[in-house]
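Trainee: Input file: work.cif. Contents: mmCIF, C-alpha atoms.
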data_entry
loop_
_atom_site.group_PDB
_atom_site.id
_atom_site.type_symbol
_atom_site.label_atom_id
_atom_site.label_comp_id
_atom_site.auth_asym_id
_atom_site.auth_seq_id
_atom_site.Cartn_x
_atom_site.Cartn_y
_atom_site.Cartn_z
ATOM 1 C CA MET A 7 19.997 16.945 11.457
ATOM 2 C CA ALA A 8 16.612 18.619 11.742
ATOM 3 C CA THR A 9 15.268 19.458 15.157
ATOM 4 C CA LEU A 10 11.723 20.151 16.255
ATOM 5 C CA ARG A 11 11.065 23.604 17.582
ATOM 6 C CA CYS A 12 8.174 24.009 19.944
ATOM 7 C CA ALA A 13 6.254 27.199 20.430
ATOM 8 C CA PRO A 14 3.539 27.807 23.010
ATOM 9 C CA ASP A 15 0.853 27.905 20.320
ATOM 10 C CA ARG A 16 2.067 24.773 18.508
ATOM 11 C CA ARG A 17 1.715 21.171 19.574
ATOM 12 C CA LEU A 18 4.474 18.644 19.071
ATOM 13 C CA LEU A 19 2.036 16.013 17.762
ATOM 14 C CA ALA A 20 -0.827 16.712 15.417
ATOM 15 C CA THR A 21 -4.203 16.354 17.096
ATOM 16 C CA ASP A 22 -6.278 16.566 13.939
ATOM 17 C CA PRO A 23 -8.114 13.208 13.687
ATOM 18 C CA ASP A 24 -8.682 13.698 9.937
ATOM 19 C CA ARG A 25 -4.934 13.771 9.393
ATOM 20 C CA HIS A 26 -4.597 10.029 10.105
ATOM 21 C CA HIS A 27 -7.714 9.193 8.060
ATOM 22 C CA GLU A 28 -6.288 11.221 5.174
ATOM 23 C CA LEU A 29 -3.016 9.266 5.323
ATOM 24 C CA GLY A 30 -4.952 5.999 5.150
ATOM 25 C CA ALA A 31 -6.986 7.199 2.166
ATOM 26 C CA HIS A 32 -3.861 8.432 0.410
ATOM 27 C CA ALA A 33 -2.113 5.113 0.997
ATOM 28 C CA ALA A 34 -5.122 3.105 -0.218
ATOM 29 C CA TRP A 35 -5.485 5.070 -3.472
ATOM 30 C CA TYR A 36 -1.723 5.001 -3.965
ATOM 31 C CA VAL A 37 -1.731 1.200 -3.702
ATOM 32 C CA VAL A 38 -4.650 0.900 -6.146
ATOM 33 C CA ALA A 39 -2.887 3.116 -8.692
ATOM 34 C CA GLY A 40 0.405 1.337 -8.078
ATOM 35 C CA VAL A 41 -1.064 -2.113 -8.676
ATOM 36 C CA VAL A 42 -2.751 -0.999 -11.904
ATOM 37 C CA THR A 43 0.291 0.902 -13.183
ATOM 38 C CA THR A 44 2.709 -1.860 -12.274
ATOM 39 C CA GLY A 45 0.463 -4.381 -14.008
ATOM 40 C CA VAL A 46 0.337 -2.250 -17.151
ATOM 41 C CA GLN A 47 4.120 -1.803 -17.024
ATOM 42 C CA ALA A 48 4.606 -5.560 -16.707
ATOM 43 C CA VAL A 49 2.309 -6.292 -19.646
ATOM 44 C CA LEU A 50 3.998 -3.645 -21.806
ATOM 45 C CA PHE A 51 7.412 -4.983 -20.822
ATOM 46 C CA LEU A 52 6.434 -8.541 -21.753
ATOM 47 C CA LEU A 53 4.931 -7.408 -25.071
ATOM 48 C CA LEU A 54 7.949 -5.280 -26.035
ATOM 49 C CA ARG A 55 10.822 -7.306 -24.572
ATOM 50 C CA ASP A 56 11.419 -9.642 -27.506
ATOM 51 C CA GLN A 57 11.318 -6.852 -30.107
ATOM 52 C CA LEU A 58 13.227 -4.143 -28.210
ATOM 53 C CA GLY A 59 15.294 -5.978 -25.603
ATOM 54 C CA SER A 60 14.869 -5.803 -21.837
ATOM 55 C CA GLN A 61 16.380 -2.402 -21.162
ATOM 56 C CA VAL A 62 14.510 -0.498 -23.893
ATOM 57 C CA ALA A 63 11.233 -2.328 -23.198
ATOM 58 C CA ASN A 64 11.510 -1.313 -19.550
ATOM 59 C CA LEU A 65 12.162 2.340 -20.466
ATOM 60 C CA VAL A 66 9.215 2.452 -22.877
ATOM 61 C CA ALA A 67 6.879 0.846 -20.328
ATOM 62 C CA ILE A 68 7.929 3.347 -17.660
ATOM 63 C CA ALA A 69 7.616 6.310 -20.028
ATOM 64 C CA LEU A 70 4.098 5.305 -21.058
ATOM 65 C CA THR A 71 2.817 4.856 -17.513
ATOM 66 C CA THR A 72 4.596 7.506 -15.394
ATOM 67 C CA VAL A 73 2.652 10.573 -16.526
ATOM 68 C CA GLY A 74 -0.724 8.837 -16.287
ATOM 69 C CA ASN A 75 0.093 7.492 -12.840
ATOM 70 C CA THR A 76 1.143 10.908 -11.559
ATOM 71 C CA GLU A 77 -1.955 12.537 -13.043
ATOM 72 C CA PHE A 78 -4.126 9.928 -11.295
ATOM 73 C CA HIS A 79 -2.445 10.790 -8.009
ATOM 74 C CA ARG A 80 -3.040 14.504 -8.608
ATOM 75 C CA ARG A 81 -6.724 14.054 -9.451
ATOM 76 C CA VAL A 82 -7.672 11.189 -7.105
ATOM 77 C CA THR A 83 -5.107 10.185 -4.487
ATOM 78 C CA PHE A 84 -4.197 13.709 -3.397
ATOM 79 C CA ALA A 85 -7.313 15.509 -4.696
ATOM 80 C CA GLY A 86 -7.937 18.738 -2.867
ATOM 81 C CA ARG A 87 -4.282 19.341 -2.136
ATOM 82 C CA GLU A 88 -2.637 22.153 -4.013
ATOM 83 C CA SER A 89 0.496 21.521 -6.001
ATOM 84 C CA ASN A 90 2.634 23.608 -8.264
ATOM 85 C CA ALA A 91 2.509 22.557 -11.945
ATOM 86 C CA GLY A 92 6.264 22.984 -12.273
ATOM 87 C CA LYS A 93 6.811 20.780 -9.245
ATOM 88 C CA ARG A 94 4.519 18.109 -10.745
ATOM 89 C CA HIS A 95 6.454 18.148 -14.022
ATOM 90 C CA LEU A 96 9.715 17.934 -12.115
ATOM 91 C CA GLN A 97 8.249 15.050 -10.142
ATOM 92 C CA ASP A 98 7.278 13.290 -13.402
ATOM 93 C CA LEU A 99 10.805 13.719 -14.702
ATOM 94 C CA LEU A 100 12.413 12.576 -11.457
ATOM 95 C CA THR A 101 10.052 9.606 -11.199
ATOM 96 C CA PHE A 102 10.887 8.533 -14.727
ATOM 97 C CA ALA A 103 14.626 9.011 -14.114
ATOM 98 C CA PHE A 104 14.461 7.113 -10.818
ATOM 99 C CA TYR A 105 12.529 4.139 -12.193
ATOM 100 C CA ALA A 106 14.506 4.100 -15.452
ATOM 101 C CA GLY A 107 17.856 4.096 -13.657
ATOM 102 C CA TYR A 108 16.685 1.795 -10.914
ATOM 103 C CA GLY A 109 15.037 -0.670 -13.327
ATOM 104 C CA SER A 110 18.033 -0.646 -15.649
ATOM 105 C CA ALA A 111 20.387 -1.342 -12.748
ATOM 106 C CA VAL A 112 18.160 -4.159 -11.466
ATOM 107 C CA LEU A 113 18.034 -5.749 -14.933
ATOM 108 C CA ALA A 114 21.818 -5.408 -15.306
ATOM 109 C CA ILE A 115 22.387 -7.060 -11.912
ATOM 110 C CA LEU A 116 19.979 -9.865 -12.781
ATOM 111 C CA ASP A 117 21.776 -10.343 -16.093
ATOM 112 C CA ALA A 118 25.120 -10.546 -14.270
ATOM 113 C CA VAL A 119 23.816 -13.075 -11.731
ATOM 114 C CA VAL A 120 21.566 -15.238 -13.933
ATOM 115 C CA ASP A 121 22.793 -16.572 -17.254
ATOM 116 C CA ARG A 122 20.119 -15.688 -19.836
ATOM 117 C CA PRO A 123 17.218 -14.729 -17.532
ATOM 118 C CA THR A 124 13.766 -15.533 -18.837
ATOM 119 C CA SER A 125 11.188 -12.839 -19.493
ATOM 120 C CA TRP A 126 9.299 -13.977 -16.390
ATOM 121 C CA GLU A 127 12.430 -13.711 -14.216
ATOM 122 C CA GLU A 128 13.050 -10.200 -15.527
ATOM 123 C CA THR A 129 9.422 -9.212 -15.045
ATOM 124 C CA GLY A 130 9.345 -10.594 -11.502
ATOM 125 C CA THR A 131 12.542 -8.764 -10.649
ATOM 126 C CA LEU A 132 11.151 -5.510 -12.031
ATOM 127 C CA LEU A 133 7.915 -6.002 -10.090
ATOM 128 C CA LEU A 134 9.824 -6.499 -6.840
ATOM 129 C CA ALA A 135 11.986 -3.460 -7.564
ATOM 130 C CA SER A 136 8.846 -1.444 -8.326
ATOM 131 C CA LEU A 137 7.368 -2.383 -4.957
ATOM 132 C CA VAL A 138 10.433 -1.099 -3.129
ATOM 133 C CA GLY A 139 10.600 2.062 -5.244
ATOM 134 C CA GLY A 140 6.894 2.652 -4.655
ATOM 135 C CA PHE A 141 7.420 3.232 -0.947
ATOM 136 C CA VAL A 142 9.938 5.965 -1.726
ATOM 137 C CA ARG A 143 7.641 7.560 -4.299
ATOM 138 C CA PHE A 144 4.673 7.634 -1.903
ATOM 139 C CA ALA A 145 6.745 9.557 0.625
ATOM 140 C CA VAL A 146 7.883 12.032 -2.049
ATOM 141 C CA LEU A 147 4.345 12.561 -3.338
ATOM 142 C CA ARG A 148 2.740 12.942 0.065
ATOM 143 C CA TRP A 149 5.328 15.076 1.814
ATOM 144 C CA TRP A 150 6.818 17.071 -1.056
ATOM 145 C CA VAL A 151 4.722 17.294 -4.218
ATOM 146 C CA PHE A 152 1.277 17.374 -2.560
ATOM 147 C CA ALA A 153 2.284 18.626 0.887
ATOM 148 C CA HIS A 154 -0.167 20.737 2.899
ATOM 149 C CA ARG A 155 0.942 24.296 3.485
ATOM 150 C CA SER A 156 1.040 23.644 7.233
ATOM 151 C CA GLU A 157 3.300 20.625 6.627
ATOM 152 C CA ARG A 158 5.603 22.714 4.449
ATOM 153 C CA ALA A 159 5.697 25.443 7.089
ATOM 154 C CA THR A 160 6.482 22.877 9.772
ATOM 155 C CA ALA A 161 9.231 21.406 7.618
ATOM 156 C CA ALA A 162 10.704 24.879 7.078
ATOM 157 C CA HIS A 163 10.718 25.521 10.843
ATOM 158 C CA THR A 164 12.343 22.179 11.622
ATOM 159 C CA GLY A 165 15.212 22.636 9.143
#
As structure tokens, please, write out the structure in this file.

Mentor:
Amino acid sequence: MATLRCAPDRRLLATDPDRHHELGAHAAWYVVAGVVTTGVQAVLFLLLRDQLGSQVANLVAIALTTVGNTEFHRRVTFAGRESNAGKRHLQDLLTFAFYAGYGSAVLAILDAVVDRPTSWEETGTLLLASLVGGFVRFAVLRWWVFAHRSERATAAHTG
């Protein structure tokens, strides 16, 4: 378990008032991008479901929206924060893998519980799952991919 280490020149709690404002701005832009991306994913899923089946339609919808969503976060949500290109690509890959595995599992569970789920039941289930997964992704983006150097240094000292 990580412990906080205090030094005479460091404060336990951040006193920078912009830090809380920045979190609010990040969260607001993240929600905007999430609503748009999730809406596009839902529309793509509904359009492709009958031709490709639920699982493949979900994978295609995620693949088509993940990179654009992450790029939006890099340019708008977390603009001004440095990030390593390799870390962003890894984040894209991990995001796709997470949502693909998570969405596939959710659809499989729904299929096991509901006999012949409708496209709207599948879409609603995926939307709910996306909401839950979005909270995890925000934390990863904010505190890992687009972390401030001071936050990374603090994390290294607390480990």

Trainee: Measuring between all atoms listed in the file, which one of A:Arg94, A:Arg143, A:Arg55, A:Arg80 shows the shortest distance to Trp126 (chain A)?

Mentor: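 Among the listed residues, A:Arg55 lies closest to Trp126 (chain A).
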
Trainee: What gap, in Å, lies between CA of Ala63 (chain A) and CA of Phe51 (chain A)?

Mentor: 5.2 Å

Trainee: Which residues are near Thr129 (chain A)? Cut-off 10 Å, only C-alpha atoms, ignore same chain within fewer than 6 positions. Put them as number ranges by chain.

Mentor: A: 47-49, 51-52, 55, 60, 64, 113, 123, 135

Trainee: Just give me the gap between CA of Thr44 (chain A) and CA of Trp149 (chain A) in Å, one decimal is fine.

Mentor: 22.2 Å

Trainee: Using all atoms listed in the file, determine which residues lie at most 12 Å from Val73 (chain A), disregarding the query and same-chain residues fewer than 3 positions distant; provide the list as an mmCIF file with C-alpha atoms, in the frame of the given file.

Mentor:
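Saved to around29.cif:
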data_model
loop_
_atom_site.group_PDB
_atom_site.id
_atom_site.type_symbol
_atom_site.label_atom_id
_atom_site.label_comp_id
_atom_site.auth_asym_id
_atom_site.auth_seq_id
_atom_site.Cartn_x
_atom_site.Cartn_y
_atom_site.Cartn_z
ATOM 1 C CA THR A 43 0.291 0.902 -13.183
ATOM 2 C CA ALA A 67 6.879 0.846 -20.328
ATOM 3 C CA ILE A 68 7.929 3.347 -17.660
ATOM 4 C CA ALA A 69 7.616 6.310 -20.028
ATOM 5 C CA LEU A 70 4.098 5.305 -21.058
ATOM 6 C CA THR A 76 1.143 10.908 -11.559
ATOM 7 C CA GLU A 77 -1.955 12.537 -13.043
ATOM 8 C CA PHE A 78 -4.126 9.928 -11.295
ATOM 9 C CA HIS A 79 -2.445 10.790 -8.009
ATOM 10 C CA ARG A 80 -3.040 14.504 -8.608
ATOM 11 C CA ARG A 94 4.519 18.109 -10.745
ATOM 12 C CA HIS A 95 6.454 18.148 -14.022
ATOM 13 C CA LEU A 96 9.715 17.934 -12.115
ATOM 14 C CA GLN A 97 8.249 15.050 -10.142
ATOM 15 C CA ASP A 98 7.278 13.290 -13.402
ATOM 16 C CA LEU A 99 10.805 13.719 -14.702
ATOM 17 C CA LEU A 100 12.413 12.576 -11.457
ATOM 18 C CA THR A 101 10.052 9.606 -11.199
ATOM 19 C CA PHE A 102 10.887 8.533 -14.727
#

Trainee: Just give me the gap between CA of Gly92 (chain A) and CA of Leu132 (chain A) in Å, one decimal is fine.

Mentor: 28.9 Å

Trainee: Considering all atoms listed in the file, can you say which of A:Tyr108, A:Gly74, A:Val62, A:Gln57 comes closest to Gly140 (chain A)?

Mentor: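 The answer is A:Tyr108, which sits nearest to Gly140 (chain A).
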
Trainee: Could you spell out the hits of the PyMOL selection byres ((chain A and resi 33) around 10) on the shown file, as a list of chain:residue names?

Mentor: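 On this input, the PyMOL selection byres ((chain A and resi 33) around 10) captures A:His27, A:Glu28, A:Leu29, A:Gly30, A:Ala31, A:His32, A:Ala34, A:Trp35, A:Tyr36, A:Val37, A:Val38, A:Ala39, A:Thr83, A:Phe84, A:Phe141, A:Phe144, A:Ala145, A:Arg148.
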
Trainee: Determine the axis-aligned bounding box of all atoms of region 119-125 of chain A present in the file, pad each side by 4 Å, and express its centre and edge lengths in Å to one decimal place as lines of an AutoDock Vina configuration file.

Mentor:
center_x = 17.5
center_y = -14.7
center_z = -15.8
size_x = 20.6
size_y = 11.7
size_z = 16.1

Trainee: Measuring between only C-alpha atoms, which one of A:Val42, A:Ala111, A:Val146, A:Val119 shows the shortest distance to Thr71 (chain A)?

Mentor: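 Checking each candidate against Thr71 (chain A), we get A:Val42 as the closest.
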
Trainee: Using the structure block above, produce a file of region 41-71 of chain A that contains N, CA and C atoms, as a PDB file, in the first residue's frame.

Mentor:
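That gives us selection27.pdb:
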ATOM      1  N   VAL A  41     -20.284  11.720 -24.124  1.00  0.00           N
ATOM      2  CA  VAL A  41     -21.674  11.686 -24.612  1.00  0.00           C
ATOM      3  C   VAL A  41     -21.694  11.580 -26.136  1.00  0.00           C
ATOM      4  N   VAL A  42     -20.865  12.395 -26.798  1.00  0.00           N
ATOM      5  CA  VAL A  42     -20.823  12.358 -28.264  1.00  0.00           C
ATOM      6  C   VAL A  42     -20.323  11.000 -28.752  1.00  0.00           C
ATOM      7  N   THR A  43     -19.212  10.535 -28.202  1.00  0.00           N
ATOM      8  CA  THR A  43     -18.638   9.260 -28.630  1.00  0.00           C
ATOM      9  C   THR A  43     -19.580   8.099 -28.357  1.00  0.00           C
ATOM     10  N   THR A  44     -20.179   8.081 -27.192  1.00  0.00           N
ATOM     11  CA  THR A  44     -21.103   7.007 -26.856  1.00  0.00           C
ATOM     12  C   THR A  44     -22.314   7.032 -27.780  1.00  0.00           C
ATOM     13  N   GLY A  45     -22.783   8.222 -28.108  1.00  0.00           N
ATOM     14  CA  GLY A  45     -23.890   8.339 -29.062  1.00  0.00           C
ATOM     15  C   GLY A  45     -23.517   7.807 -30.433  1.00  0.00           C
ATOM     16  N   VAL A  46     -22.322   8.161 -30.902  1.00  0.00           N
ATOM     17  CA  VAL A  46     -21.859   7.661 -32.200  1.00  0.00           C
ATOM     18  C   VAL A  46     -21.701   6.144 -32.158  1.00  0.00           C
ATOM     19  N   GLN A  47     -21.143   5.624 -31.058  1.00  0.00           N
ATOM     20  CA  GLN A  47     -21.006   4.173 -30.920  1.00  0.00           C
ATOM     21  C   GLN A  47     -22.372   3.491 -30.965  1.00  0.00           C
ATOM     22  N   ALA A  48     -23.339   4.056 -30.282  1.00  0.00           N
ATOM     23  CA  ALA A  48     -24.681   3.462 -30.255  1.00  0.00           C
ATOM     24  C   ALA A  48     -25.305   3.453 -31.648  1.00  0.00           C
ATOM     25  N   VAL A  49     -25.168   4.557 -32.366  1.00  0.00           N
ATOM     26  CA  VAL A  49     -25.724   4.627 -33.720  1.00  0.00           C
ATOM     27  C   VAL A  49     -25.025   3.622 -34.637  1.00  0.00           C
ATOM     28  N   LEU A  50     -23.695   3.571 -34.577  1.00  0.00           N
ATOM     29  CA  LEU A  50     -22.963   2.596 -35.387  1.00  0.00           C
ATOM     30  C   LEU A  50     -23.369   1.172 -35.038  1.00  0.00           C
ATOM     31  N   PHE A  51     -23.494   0.896 -33.753  1.00  0.00           N
ATOM     32  CA  PHE A  51     -23.904  -0.438 -33.310  1.00  0.00           C
ATOM     33  C   PHE A  51     -25.274  -0.788 -33.896  1.00  0.00           C
ATOM     34  N   LEU A  52     -26.221   0.118 -33.773  1.00  0.00           N
ATOM     35  CA  LEU A  52     -27.567  -0.146 -34.298  1.00  0.00           C
ATOM     36  C   LEU A  52     -27.562  -0.336 -35.814  1.00  0.00           C
ATOM     37  N   LEU A  53     -26.747   0.443 -36.521  1.00  0.00           N
ATOM     38  CA  LEU A  53     -26.680   0.325 -37.978  1.00  0.00           C
ATOM     39  C   LEU A  53     -26.022  -0.986 -38.426  1.00  0.00           C
ATOM     40  N   LEU A  54     -25.038  -1.456 -37.657  1.00  0.00           N
ATOM     41  CA  LEU A  54     -24.265  -2.628 -38.067  1.00  0.00           C
ATOM     42  C   LEU A  54     -24.739  -3.945 -37.460  1.00  0.00           C
ATOM     43  N   ARG A  55     -25.545  -3.878 -36.425  1.00  0.00           N
ATOM     44  CA  ARG A  55     -25.936  -5.065 -35.665  1.00  0.00           C
ATOM     45  C   ARG A  55     -26.592  -6.143 -36.519  1.00  0.00           C
ATOM     46  N   ASP A  56     -27.541  -5.773 -37.342  1.00  0.00           N
ATOM     47  CA  ASP A  56     -28.263  -6.780 -38.128  1.00  0.00           C
ATOM     48  C   ASP A  56     -27.369  -7.444 -39.177  1.00  0.00           C
ATOM     49  N   GLN A  57     -26.439  -6.690 -39.753  1.00  0.00           N
ATOM     50  CA  GLN A  57     -25.562  -7.248 -40.783  1.00  0.00           C
ATOM     51  C   GLN A  57     -24.403  -8.055 -40.194  1.00  0.00           C
ATOM     52  N   LEU A  58     -23.837  -7.588 -39.078  1.00  0.00           N
ATOM     53  CA  LEU A  58     -22.620  -8.191 -38.538  1.00  0.00           C
ATOM     54  C   LEU A  58     -22.825  -9.019 -37.276  1.00  0.00           C
ATOM     55  N   GLY A  59     -23.954  -8.857 -36.621  1.00  0.00           N
ATOM     56  CA  GLY A  59     -24.160  -9.487 -35.316  1.00  0.00           C
ATOM     57  C   GLY A  59     -23.722  -8.544 -34.207  1.00  0.00           C
ATOM     58  N   SER A  60     -24.191  -8.785 -33.019  1.00  0.00           N
ATOM     59  CA  SER A  60     -23.944  -7.874 -31.889  1.00  0.00           C
ATOM     60  C   SER A  60     -22.473  -7.715 -31.537  1.00  0.00           C
ATOM     61  N   GLN A  61     -21.781  -8.828 -31.416  1.00  0.00           N
ATOM     62  CA  GLN A  61     -20.386  -8.765 -30.967  1.00  0.00           C
ATOM     63  C   GLN A  61     -19.501  -8.006 -31.960  1.00  0.00           C
ATOM     64  N   VAL A  62     -19.597  -8.346 -33.239  1.00  0.00           N
ATOM     65  CA  VAL A  62     -18.757  -7.688 -34.249  1.00  0.00           C
ATOM     66  C   VAL A  62     -19.163  -6.222 -34.409  1.00  0.00           C
ATOM     67  N   ALA A  63     -20.452  -5.937 -34.399  1.00  0.00           N
ATOM     68  CA  ALA A  63     -20.912  -4.548 -34.514  1.00  0.00           C
ATOM     69  C   ALA A  63     -20.364  -3.713 -33.369  1.00  0.00           C
ATOM     70  N   ASN A  64     -20.338  -4.262 -32.175  1.00  0.00           N
ATOM     71  CA  ASN A  64     -19.787  -3.556 -31.026  1.00  0.00           C
ATOM     72  C   ASN A  64     -18.299  -3.289 -31.219  1.00  0.00           C
ATOM     73  N   LEU A  65     -17.545  -4.286 -31.682  1.00  0.00           N
ATOM     74  CA  LEU A  65     -16.107  -4.117 -31.896  1.00  0.00           C
ATOM     75  C   LEU A  65     -15.818  -3.056 -32.968  1.00  0.00           C
ATOM     76  N   VAL A  66     -16.566  -3.079 -34.040  1.00  0.00           N
ATOM     77  CA  VAL A  66     -16.369  -2.092 -35.111  1.00  0.00           C
ATOM     78  C   VAL A  66     -16.683  -0.684 -34.598  1.00  0.00           C
ATOM     79  N   ALA A  67     -17.781  -0.546 -33.869  1.00  0.00           N
ATOM     80  CA  ALA A  67     -18.156   0.771 -33.336  1.00  0.00           C
ATOM     81  C   ALA A  67     -17.091   1.302 -32.382  1.00  0.00           C
ATOM     82  N   ILE A  68     -16.554   0.443 -31.550  1.00  0.00           N
ATOM     83  CA  ILE A  68     -15.494   0.862 -30.619  1.00  0.00           C
ATOM     84  C   ILE A  68     -14.236   1.243 -31.386  1.00  0.00           C
ATOM     85  N   ALA A  69     -13.855   0.416 -32.355  1.00  0.00           N
ATOM     86  CA  ALA A  69     -12.639   0.685 -33.128  1.00  0.00           C
ATOM     87  C   ALA A  69     -12.724   2.026 -33.855  1.00  0.00           C
ATOM     88  N   LEU A  70     -13.889   2.350 -34.384  1.00  0.00           N
ATOM     89  CA  LEU A  70     -14.039   3.583 -35.150  1.00  0.00           C
ATOM     90  C   LEU A  70     -14.086   4.838 -34.276  1.00  0.00           C
ATOM     91  N   THR A  71     -14.402   4.688 -33.021  1.00  0.00           N
ATOM     92  CA  THR A  71     -14.538   5.875 -32.166  1.00  0.00           C
ATOM     93  C   THR A  71     -13.413   6.062 -31.147  1.00  0.00           C
TER      94      THR A  71
END
